[in-house]
Structures are given as C-alpha cells and as structure tokens.
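Shown next: start.txt, given as compact mmCIF, C-alpha atoms.
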```
# COMPACT_ATOMS: atom_id res chain seq x y z
CA MET A 1 63.11 155.70 159.04
CA THR A 2 63.14 155.77 155.21
CA GLN A 3 59.46 155.06 155.25
CA SER A 4 58.67 157.87 157.69
CA TYR A 5 60.92 160.22 155.65
CA ASP A 6 59.01 159.33 152.48
CA GLU A 7 55.71 159.93 154.29
CA LEU A 8 56.96 163.26 155.59
CA GLN A 9 58.01 164.25 152.04
CA LYS A 10 54.58 163.34 150.69
CA ARG A 11 52.86 165.28 153.48
CA ILE A 12 54.92 168.40 152.81
CA GLU A 13 54.34 168.14 149.04
CA THR A 14 50.58 167.85 149.64
CA LEU A 15 50.62 170.84 151.96
CA LEU A 16 52.66 172.92 149.49
CA VAL A 17 50.29 172.32 146.54
CA ASP A 18 47.23 172.99 148.70
CA PRO A 19 45.83 176.35 147.42
CA ALA A 20 45.03 177.24 151.03
CA ASN A 21 48.76 177.38 151.75
CA GLN A 22 49.85 179.16 148.57
CA ASP A 23 50.31 182.46 150.26
CA HIS A 24 51.65 181.15 153.51
CA PRO A 25 54.84 183.06 154.41
CA LEU A 26 56.74 179.79 155.05
CA ALA A 27 55.84 178.17 151.70
CA ASP A 28 58.90 179.41 149.74
CA ALA A 29 61.28 178.72 152.61
CA VAL A 30 59.95 175.17 153.00
CA LYS A 31 60.31 174.57 149.22
CA GLU A 32 63.92 175.77 149.41
CA LEU A 33 64.59 173.58 152.44
CA CYS A 34 63.20 170.51 150.65
CA ARG A 35 65.54 171.13 147.65
CA HIS A 36 68.56 171.36 149.98
CA LEU A 37 67.54 168.25 151.82
CA ASP A 38 67.14 166.38 148.54
CA GLU A 39 70.59 167.36 147.39
CA HIS A 40 72.12 166.32 150.72
CA MET A 41 70.41 162.96 150.55
CA ARG A 42 71.71 162.35 147.00
CA ARG A 43 75.22 163.33 148.09
CA LEU A 44 75.04 161.02 151.09
CA GLU A 45 74.03 158.16 148.81
CA ARG A 46 76.94 158.85 146.43
CA ILE A 47 79.43 158.96 149.31
CA THR A 48 78.06 155.73 150.67
CA MET A 49 78.36 154.10 147.24
CA LEU A 50 81.94 155.35 146.71
CA SER A 51 82.95 154.29 150.18
CA ASP A 52 81.46 150.84 149.67
CA SER A 53 83.17 150.31 146.32
CA TYR A 54 86.46 151.55 147.76
CA GLN A 55 86.11 149.10 150.61
CA SER A 56 85.37 146.20 148.27
CA MET A 57 88.39 147.21 146.16
CA VAL A 58 90.65 147.08 149.21
CA LEU A 59 89.12 143.76 150.16
CA GLU A 60 89.77 142.42 146.66
CA ARG A 61 93.33 143.64 146.75
CA GLU A 62 93.86 142.01 150.10
CA THR A 63 92.49 138.71 148.81
CA ASP A 64 94.73 139.03 145.77
CA LEU A 65 97.76 139.70 147.98
CA CYS A 66 96.84 136.73 150.15
CA ASN A 67 96.56 134.49 147.11
CA ARG A 68 99.88 135.70 145.77
CA PHE A 69 101.49 135.21 149.14
CA GLU A 70 100.13 131.65 149.32
CA HIS A 71 101.38 131.03 145.79
CA GLN A 72 104.87 132.29 146.64
CA LEU A 73 104.93 130.22 149.82
CA ARG A 74 104.05 127.09 147.83
CA ARG A 75 106.71 127.98 145.29
CA ILE A 76 109.40 128.47 147.90
CA GLY A 77 108.46 125.12 149.41
CA ARG A 78 108.79 123.42 146.05
CA ILE A 79 112.06 125.18 145.23
CA MET A 80 113.47 124.03 148.55
CA ARG A 81 112.31 120.47 148.01
CA ILE A 82 113.76 120.34 144.50
CA SER A 83 116.96 122.04 145.59
CA ASP A 84 117.41 119.56 148.44
CA ARG A 85 117.02 116.68 146.03
CA TYR A 86 119.60 118.12 143.66
CA GLN A 87 121.91 118.52 146.61
CA GLY A 88 121.35 114.90 147.62
CA MET A 89 122.08 113.86 144.06
CA LEU A 90 125.36 115.78 144.11
CA ARG A 91 126.31 114.35 147.47
CA ASP A 92 125.79 110.80 146.21
CA ALA A 93 127.72 111.57 143.03
CA ASN A 94 130.50 112.89 145.23
CA LEU A 95 130.55 109.73 147.33
CA ARG A 96 130.63 107.60 144.18
CA LEU A 97 133.49 109.66 142.79
CA GLN A 98 135.36 109.36 146.05
CA GLU A 99 134.85 105.61 146.00
CA VAL A 100 135.99 105.35 142.40
CA SER A 101 139.06 107.47 143.05
CA ASN A 102 139.96 105.49 146.16
CA LEU A 103 139.50 101.96 144.92
CA ASP A 104 141.59 99.96 142.49
CA PRO A 105 139.20 99.35 139.58
CA LEU A 106 140.33 95.75 138.93
CA THR A 107 140.41 94.33 142.44
CA GLY A 108 138.10 96.74 144.25
CA VAL A 109 140.54 97.17 147.14
CA PRO A 110 142.04 100.56 148.17
CA ASN A 111 144.51 101.92 145.63
CA ARG A 112 147.99 103.36 146.04
CA ARG A 113 146.61 106.89 146.53
CA VAL A 114 144.61 105.83 149.60
CA LEU A 115 147.49 103.74 150.93
CA MET A 116 149.85 106.69 150.60
CA THR A 117 147.42 109.05 152.37
CA ARG A 118 146.90 106.60 155.22
CA LEU A 119 150.65 105.92 155.51
CA GLN A 120 151.29 109.68 155.80
CA GLU A 121 148.57 109.97 158.45
CA ALA A 122 150.00 107.01 160.36
CA SER A 123 153.46 108.50 160.23
CA GLN A 124 152.05 111.81 161.53
CA LEU A 125 150.26 109.99 164.38
CA ALA A 126 153.44 108.10 165.24
CA ALA A 127 155.37 111.39 165.40
CA GLU A 128 152.80 112.69 167.88
CA GLY A 129 153.51 109.62 170.04
CA ASP A 130 151.71 106.57 171.42
CA PHE A 131 151.21 105.07 167.98
CA SER A 132 153.27 102.66 165.92
CA PHE A 133 152.76 100.64 162.80
CA VAL A 134 154.30 97.97 160.62
CA VAL A 135 154.28 98.07 156.83
CA GLY A 136 154.03 94.75 155.03
CA MET A 137 154.89 94.65 151.34
CA LEU A 138 153.69 91.54 149.48
CA ASP A 139 154.36 90.44 145.92
CA ILE A 140 153.02 87.51 143.90
CA ASP A 141 155.85 85.12 142.98
CA HIS A 142 156.53 84.60 139.27
CA PHE A 143 153.52 86.64 138.28
CA LYS A 144 154.96 87.41 134.84
CA ALA A 145 155.12 83.67 134.16
CA ILE A 146 151.40 83.32 135.04
CA ASN A 147 150.54 86.12 132.62
CA ASP A 148 152.78 84.71 129.91
CA HIS A 149 151.59 81.15 130.32
CA TYR A 150 147.86 81.55 130.99
CA GLY A 151 147.17 84.98 129.54
CA HIS A 152 146.19 88.31 131.06
CA GLN A 153 142.67 87.22 131.91
CA THR A 154 143.99 84.55 134.24
CA GLY A 155 146.55 87.03 135.55
CA ASP A 156 143.74 89.48 136.36
CA ARG A 157 141.73 86.73 138.00
CA ALA A 158 144.76 85.86 140.14
CA LEU A 159 145.09 89.51 141.21
CA VAL A 160 141.41 89.71 142.16
CA THR A 161 141.53 86.43 144.13
CA VAL A 162 144.75 87.39 145.92
CA ALA A 163 143.39 90.87 146.76
CA ARG A 164 140.23 89.38 148.24
CA SER A 165 142.22 86.92 150.35
CA LEU A 166 144.80 89.44 151.59
CA CYS A 167 142.28 92.14 152.44
CA SER A 168 139.85 89.94 154.34
CA ASP A 169 140.03 88.94 158.03
CA LEU A 170 141.83 92.09 159.09
CA ARG A 171 141.28 94.27 162.11
CA ALA A 172 139.17 97.38 161.50
CA THR A 173 142.26 99.53 161.94
CA ASP A 174 144.36 97.58 159.43
CA LEU A 175 144.52 98.70 155.82
CA CYS A 176 145.17 96.51 152.82
CA GLY A 177 145.47 97.74 149.25
CA ARG A 178 147.06 97.29 145.86
CA TRP A 179 150.35 99.10 145.73
CA GLY A 180 150.76 98.55 142.02
CA GLY A 181 151.14 95.67 139.53
CA GLU A 182 151.23 92.45 141.54
CA GLU A 183 152.34 94.22 144.69
CA PHE A 184 150.09 94.69 147.73
CA LEU A 185 150.65 96.61 150.93
CA LEU A 186 149.41 95.98 154.46
CA LEU A 187 149.39 98.75 157.03
CA LEU A 188 149.21 97.22 160.52
CA PRO A 189 148.89 99.75 163.36
CA ASN A 190 149.97 99.02 166.92
CA VAL A 191 151.46 95.55 166.45
CA SER A 192 154.91 94.28 167.31
CA PRO A 193 157.13 93.20 164.40
CA ALA A 194 156.77 89.62 165.70
CA ASP A 195 152.96 89.79 165.62
CA ALA A 196 153.10 91.44 162.19
CA ARG A 197 155.27 88.58 161.00
CA THR A 198 152.68 86.08 162.27
CA ILE A 199 149.94 87.95 160.44
CA LEU A 200 151.95 87.97 157.20
CA GLU A 201 152.81 84.28 157.53
CA ARG A 202 149.14 83.53 157.99
CA LYS A 203 148.39 85.55 154.87
CA LEU A 204 151.02 83.65 152.84
CA ALA A 205 149.55 80.35 154.03
CA ALA A 206 146.11 81.45 152.87
CA ILE A 207 147.53 82.45 149.49
CA ARG A 208 149.16 79.02 149.14
CA GLY A 209 145.72 77.46 149.52
CA LEU A 210 144.08 79.54 146.79
CA GLN A 211 143.01 77.93 143.55
CA ILE A 212 142.97 80.27 140.60
CA ASP A 213 140.66 79.31 137.75
CA THR A 214 142.69 79.33 134.51
CA GLY A 215 139.57 79.27 132.37
CA HIS A 216 140.39 75.88 130.83
CA GLY A 217 138.77 73.77 133.47
CA LYS A 218 142.04 73.81 135.37
CA THR A 219 143.23 75.68 138.40
CA LEU A 220 146.63 76.95 139.36
CA ASN A 221 148.30 77.60 142.70
CA LEU A 222 150.53 80.48 143.56
CA THR A 223 152.68 81.88 146.33
CA MET A 224 153.66 85.30 147.60
CA SER A 225 156.70 86.77 149.25
CA ALA A 226 156.48 89.43 151.95
CA GLY A 227 158.78 91.99 153.54
CA LEU A 228 157.99 93.93 156.66
CA ALA A 229 159.34 97.06 158.28
CA GLU A 230 158.33 98.75 161.50
CA HIS A 231 158.05 102.50 161.13
CA ASP A 232 160.69 104.42 163.06
CA VAL A 233 159.35 107.74 164.39
CA ASP A 234 162.53 109.48 163.18
CA GLU A 235 162.26 108.38 159.57
CA ALA A 236 160.21 109.59 156.66
CA ILE A 237 157.40 107.28 155.53
CA SER A 238 159.20 106.74 152.20
CA SER A 239 162.10 105.27 154.12
CA THR A 240 159.81 102.76 155.91
CA ILE A 241 158.36 101.76 152.55
CA ASN A 242 161.85 101.35 151.09
CA ARG A 243 162.87 99.11 153.99
CA ALA A 244 159.75 96.98 153.54
CA ASP A 245 160.61 96.78 149.82
CA ALA A 246 164.16 95.76 150.59
CA ALA A 247 162.85 93.08 152.99
CA LEU A 248 160.51 91.83 150.25
CA TYR A 249 163.44 91.41 147.84
CA LEU A 250 165.39 89.65 150.54
CA ALA A 251 162.46 87.20 150.87
CA LYS A 252 162.55 86.74 147.10
CA ARG A 253 166.29 86.12 147.10
CA GLN A 254 165.96 83.64 149.95
CA GLY A 255 163.67 81.46 147.81
CA ARG A 256 160.26 83.20 147.80
CA ASP A 257 157.05 82.13 149.61
CA GLN A 258 158.31 83.53 152.89
CA VAL A 259 158.36 86.59 155.12
CA ALA A 260 161.54 88.62 155.66
CA PRO A 261 163.23 89.68 157.77
CA MET B 1 111.52 138.41 116.30
CA THR B 2 115.16 137.42 116.89
CA ASP B 3 116.13 133.90 117.82
CA LEU B 4 118.12 132.95 120.89
CA ASN B 5 121.41 131.10 120.74
CA ILE B 6 123.27 131.04 124.03
CA PRO B 7 126.17 128.57 123.91
CA GLY B 8 126.64 126.64 127.13
CA GLY B 9 129.65 126.88 129.39
CA GLN B 10 130.89 124.76 132.24
CA ALA B 11 128.20 126.13 134.54
CA THR B 12 125.54 127.07 132.02
CA PRO B 13 123.37 125.08 129.60
CA ASP B 14 123.08 125.47 125.83
CA ILE B 15 119.94 127.50 125.18
CA VAL B 16 118.54 127.73 121.67
CA ALA B 17 115.18 129.23 120.69
CA ASP B 18 113.67 129.29 117.20
CA SER B 19 110.65 131.55 116.84
CA THR B 20 109.72 130.24 113.37
CA ILE B 21 108.96 126.75 114.71
CA GLY B 22 108.14 127.75 118.28
CA LEU B 23 110.82 125.60 119.90
CA MET B 24 113.23 126.27 122.73
CA THR B 25 115.84 123.74 123.89
CA MET B 26 118.06 123.74 126.95
CA ARG B 27 120.81 121.19 127.48
CA GLY B 28 123.38 120.71 130.21
CA ASP B 29 124.03 121.80 133.78
CA SER B 30 122.94 125.13 135.15
CA TYR B 31 124.66 126.65 138.15
CA PRO B 32 125.62 130.17 137.06
CA GLU B 33 126.73 132.68 139.68
CA ASN B 34 124.05 135.07 138.51
CA ALA B 35 121.04 133.21 137.18
CA LEU B 36 119.27 136.46 136.27
CA ASP B 37 122.01 137.31 133.74
CA LEU B 38 121.45 133.99 132.04
CA PHE B 39 117.70 133.53 132.38
CA GLY B 40 116.55 137.17 132.18
CA PRO B 41 116.83 137.28 128.36
CA VAL B 42 115.36 133.76 128.14
CA ILE B 43 112.30 134.73 130.17
CA SER B 44 111.88 137.91 128.11
CA TRP B 45 112.13 135.90 124.91
CA VAL B 46 109.39 133.51 126.04
CA GLN B 47 107.12 136.44 127.01
CA ASP B 48 107.77 138.20 123.69
CA PHE B 49 107.22 135.06 121.70
CA LEU B 50 103.94 134.22 123.42
CA SER B 51 102.58 137.74 123.07
CA SER B 52 103.72 138.43 119.50
CA THR B 53 102.86 135.10 117.83
CA ASP B 54 100.10 132.58 118.11
CA ILE B 55 101.88 129.40 116.98
CA PRO B 56 102.20 126.49 119.45
CA PHE B 57 105.22 126.66 121.75
CA ARG B 58 107.35 123.77 122.98
CA ILE B 59 110.34 123.64 125.34
CA GLU B 60 112.61 120.60 125.21
CA LEU B 61 114.84 120.16 128.22
CA GLU B 62 117.82 117.98 128.89
CA LEU B 63 118.96 119.53 132.12
CA LEU B 64 121.02 117.62 134.66
CA TYR B 65 122.02 119.74 137.62
CA LEU B 66 120.28 123.00 138.54
CA ASN B 67 121.26 125.32 141.37
CA THR B 68 118.54 126.98 143.42
CA SER B 69 118.33 130.21 141.40
CA SER B 70 118.13 128.20 138.18
CA ILE B 71 115.26 126.15 139.67
CA ARG B 72 113.48 129.42 140.38
CA ALA B 73 114.09 130.71 136.86
CA MET B 74 112.69 127.51 135.37
CA MET B 75 109.60 127.89 137.54
CA ASP B 76 109.21 131.48 136.31
CA ILE B 77 109.25 130.16 132.74
CA PHE B 78 106.78 127.37 133.57
CA ASP B 79 104.49 129.90 135.29
CA ILE B 80 104.45 131.98 132.11
CA LEU B 81 103.53 128.85 130.14
CA GLU B 82 100.80 128.02 132.66
CA ASP B 83 99.28 131.49 132.23
CA ALA B 84 99.45 131.19 128.44
CA HIS B 85 97.87 127.76 128.66
CA GLY B 86 95.10 129.22 130.81
CA ALA B 87 94.51 131.80 128.07
CA GLY B 88 94.07 129.01 125.52
CA ARG B 89 97.58 128.94 124.04
CA GLN B 90 99.04 125.57 122.99
CA VAL B 91 102.22 125.07 125.06
CA ALA B 92 104.22 121.98 126.07
CA VAL B 93 107.35 120.95 127.93
CA ILE B 94 109.27 117.76 127.22
CA TRP B 95 111.93 116.89 129.74
CA TYR B 96 114.38 114.21 128.57
CA TYR B 97 116.60 112.25 130.91
CA HIS B 98 118.89 109.23 130.65
CA ASP B 99 117.78 105.83 131.88
CA ASP B 100 120.86 105.54 134.08
CA ASN B 101 119.91 108.65 136.01
CA GLN B 102 116.37 108.05 137.29
CA ARG B 103 116.68 110.81 139.85
CA VAL B 104 116.71 113.46 137.13
CA GLY B 105 113.34 112.06 136.02
CA GLU B 106 112.02 112.22 139.58
CA LEU B 107 113.14 115.83 139.85
CA ALA B 108 111.37 116.68 136.58
CA GLU B 109 108.23 115.16 138.13
CA GLU B 110 108.63 117.43 141.12
CA PHE B 111 108.76 120.39 138.71
CA ARG B 112 105.65 119.22 136.87
CA GLU B 113 103.50 118.88 139.99
CA ASP B 114 101.54 122.15 139.90
CA TYR B 115 101.15 122.64 136.15
CA THR B 116 98.20 121.75 133.97
CA PHE B 117 99.78 122.18 130.52
CA LEU B 118 101.32 119.20 128.68
CA PHE B 119 104.50 118.31 130.58
CA ASP B 120 106.12 115.09 129.36
CA ILE B 121 109.02 113.39 131.08
CA VAL B 122 110.77 111.01 128.72
CA SER B 123 113.64 108.64 129.45
CA ARG B 124 116.06 107.73 126.70
```
What does this structure look like when you write it as structure tokens?
Amino acid sequence: MTQSYDELQKRIETLLVDPANQDHPLADAVKELCRHLDEHMRRLERITMLSDSYQSMVLERETDLCNRFEHQLRRIGRIMRISDRYQGMLRDANLRLQEVSNLDPLTGVPNRRVLMTRLQEASQLAAEGDFSFVVGMLDIDHFKAINDHYGHQTGDRALVTVARSLCSDLRATDLCGRWGGEEFLLLLPNVSPADARTILERKLAAIRGLQIDTGHGKTLNLTMSAGLAEHDVDEAISSTINRADAALYLAKRQGRDQVAP
Amino acid sequence: MTDLNIPGGQATPDIVADSTIGLMTMRGDSYPENALDLFGPVISWVQDFLSSTDIPFRIELELLYLNTSSIRAMMDIFDILEDAHGAGRQVAVIWYYHDDNQRVGELAEEFREDYTFLFDIVSR
C-alpha cells in the first residue's frame, strides 16, 4: 500500500509539473489536496508514534509493578520465616525457663513450688470426688551430722543420690520432689494408706542400700524416716501436709528408719 | 549531620550512629509496640547519611530477639544498603552473636540471604 501510495504521489507530481497541464482547471485543487493529504499522513504517523510509546510505557510500568510485587512477596516470605524462627526460639527459652523454675537445681527433681501446685490440684480433684491421695513426707536421718562430719560436698552428694532413688520407680501419676533441706515429699494418688505404707517402706529399704561416696575413697550409708497422711476431702491441703509432718516426727521419735503411723 | 543516640529500653535496643566515622550500632532486644516510631528516624538517618556523605558505612548489630515489625524495619535498612551498594557505595553489616546462642547466628544468616553487600556474621 505504501509503495502504491508513493507511486501515486510521483505520478501526480509528474502530471502537475507537466506544462501541458499547467492551465488545467483541476491543477490548483489537486495541489491543495496533496498538501492536506501530506499533513494528515504526518499527523497519523505522530499519533501512531505517541500511542506506541504510551503503550510501551504502560508495559514498562506493569513489568515494574510485577517485579515489585514479586520482591514484596519474597520479602513477606522471608519475614515470616525469620519471625517463625524467633518464635520457636522464644518458645524453647520459655520451656527452659519453666524447667528451671520447676526443678530443684541441686537434685534435678521437682521443687517445692511444683509440689505445692500439684498438691493443690490434687486437693481440688479430691473435692470434686472420685479421687484420693496420700502424702508421704521423708527426711534423711542425722543429715546435719553427715554435713558436719564429711562436709557439704558429701552432704550434697547424699541429697542427689537420695533424690534419684526416691524419685525413680514410681507410677506415672505419682510425684516426688524436694520439699526443702533434706526433706522430700511423695504425692501418691489413688492408693490406700496401707499400700502407701508399703511403697514408703520399699523406698526406705532402697535408701538403706545406698552407698554415698564421701570423696575419700570411702562410702557411707544412711537411713530415712517417713510419715504419711491420707488427704481428707474436708481438710485444707496444708492440714494434710501438717499431719504427714507430724507422722514423720513420730517416726523420728520412735527411733528413725521407719514409716509412721 | 546530627548523630543518633537512642538509649535502649526493656523492649528496644540501644541505637547509636556516628556520622563522622560512618558507624551505626544496635544492641539488645527489639519488640516495640510501634516499630515505626523507633525505626522511622533510624531509616531516615541512614538515607540522609548515604545521600549526604560518601564515606564508607558500617552497621554493627548485636540483636537478640526481634518482633515481626522490627524484622521488617531491619530489612528496610538492609534494602537501602543494597541499593547504595549497587550504586558503588562501600557498605557493610557485621552481626555479632554469642557462642552459646547459635540460633541467633542462624537467624542472621536468614537475614543475609538476599544481599550482595558485605554481611559478616561473627560469633564471640
């Protein structure tokens, strides 16, 4: 089409300069028409160019938006991944803290705080019915003498060894922890006082068989006394603990290395 | 230009920036309620510093815990560094962490992943 238009243009130009056509009545009108046509063609080209560059601008902007969108998506993904890891870190720190705050640092068994919480819970359960428990309070006999005679290191070793022995071989529902000093507490759910007594006697027998390293190539033996009290649904937990304590001192008074009552 | 000295709080890190030596340090935890309040001026400072000087710039970090908006703010800062690096500016990040907390080092690595400027992760 362009080619035929160019040819047409040439043909008209040739005709217009031909002296034979100089005085033709259409000559001026055709000249005028050609000028108009030229102008229209130039305008059409400019519009086409503008339109094309506008289109490529939009295309560029779209590509740019796409790239930015991809970038943001990647960023969000990374932020989430990093955030999740921080959260995991916090969760683990929390667990560690919980462990540290629940365990006696020397012996690694549950501390008094945990024992108290579990005793309260047990007492609550008992009040709701169909649940009972026995509290066993155990104390190392003549512990002060061990400390005085062999030193605190041996005393600590005795506590660790005793804790390990007392708190092993228990049912999953039982709880054993360090109540304080050389005193340990056993929480035994759903057992009769007679069965609890058997359990405590077995524990005392195990303690009797322990050999504590004194650090001088010698070992020492020790014994424990125990008191037990079955929780009464009508009493406060502190009262059960007091009765177990009283039973423990009865065992001490009756010559130690035994369970009372 | 003015230097930055934002003392840390319980939920915000210490942030100090010295324009004469081109060094910014951040130490501590960062979990502010509004991270923009804290990091807005920091981001502006970095932009101002990079556009108004041409000395090398270094950020030393000793950050432990970051909440999500703080992570985003740190990425904004790193993105600015990446752009400056692309334009030929000398920039670097050194992220310090303690041996006993390897996970902080792993997190710093996660931050580093997409950047091409010098990003060192150093245990001590």
Which value, in Å to one decimal, gives the distance between atom CA of B:Ile21 and atom CA of B:Val104?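 Pair atom CA of B:Ile21 / atom CA of B:Val104 returns 27.2 Å.
In terms of minimum interatomic distance to B:Ile121, B:Glu60 ranks closest within B:Glu60, B:Asp3, B:Asp48, B:Glu82, counting all atoms listed in the file.
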Please report, as CSV, each residue of chain B lying at most 7 Å from chain A, together with the nearest pair of atoms and the separation in Å rounded to one decimal; use all atoms listed in the file, and order rows by chain and ascending residue number.
```
residue,atom,partner,partner_atom,distance
B:Tyr65,CA,A:Tyr86,CA,6.7
B:Asn67,CA,A:Ser83,CA,6.9
B:Thr68,CA,A:Ser83,CA,5.6
B:Ile71,CA,A:Ile79,CA,6.5
B:Arg72,CA,A:Ile79,CA,6.6
B:Leu107,CA,A:Ile82,CA,6.5
B:Glu110,CA,A:Ile82,CA,6.8
```
As AutoDock Vina command-line options: centre and edge lengths in Å, one decimal, of the axis-aligned box holding stretch 182-186 of chain A with 5 Å per side:
```
--center_x 150.9 --center_y 94.5 --center_z 148.0 --size_x 12.9 --size_y 14.2 --size_z 22.9
```
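When all atoms listed in the file are used to measure the gap to B:Trp95, the shortest distance among B:Ser52, B:Gln47, B:Thr25, B:Ser69 belongs to B:Thr25.
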Atomic distance atom CA of A:Ile237 - atom CA of A:Leu119, expressed in Å with one decimal: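 Separation between atom CA of A:Ile237 and atom CA of A:Leu119: 6.9 Å.
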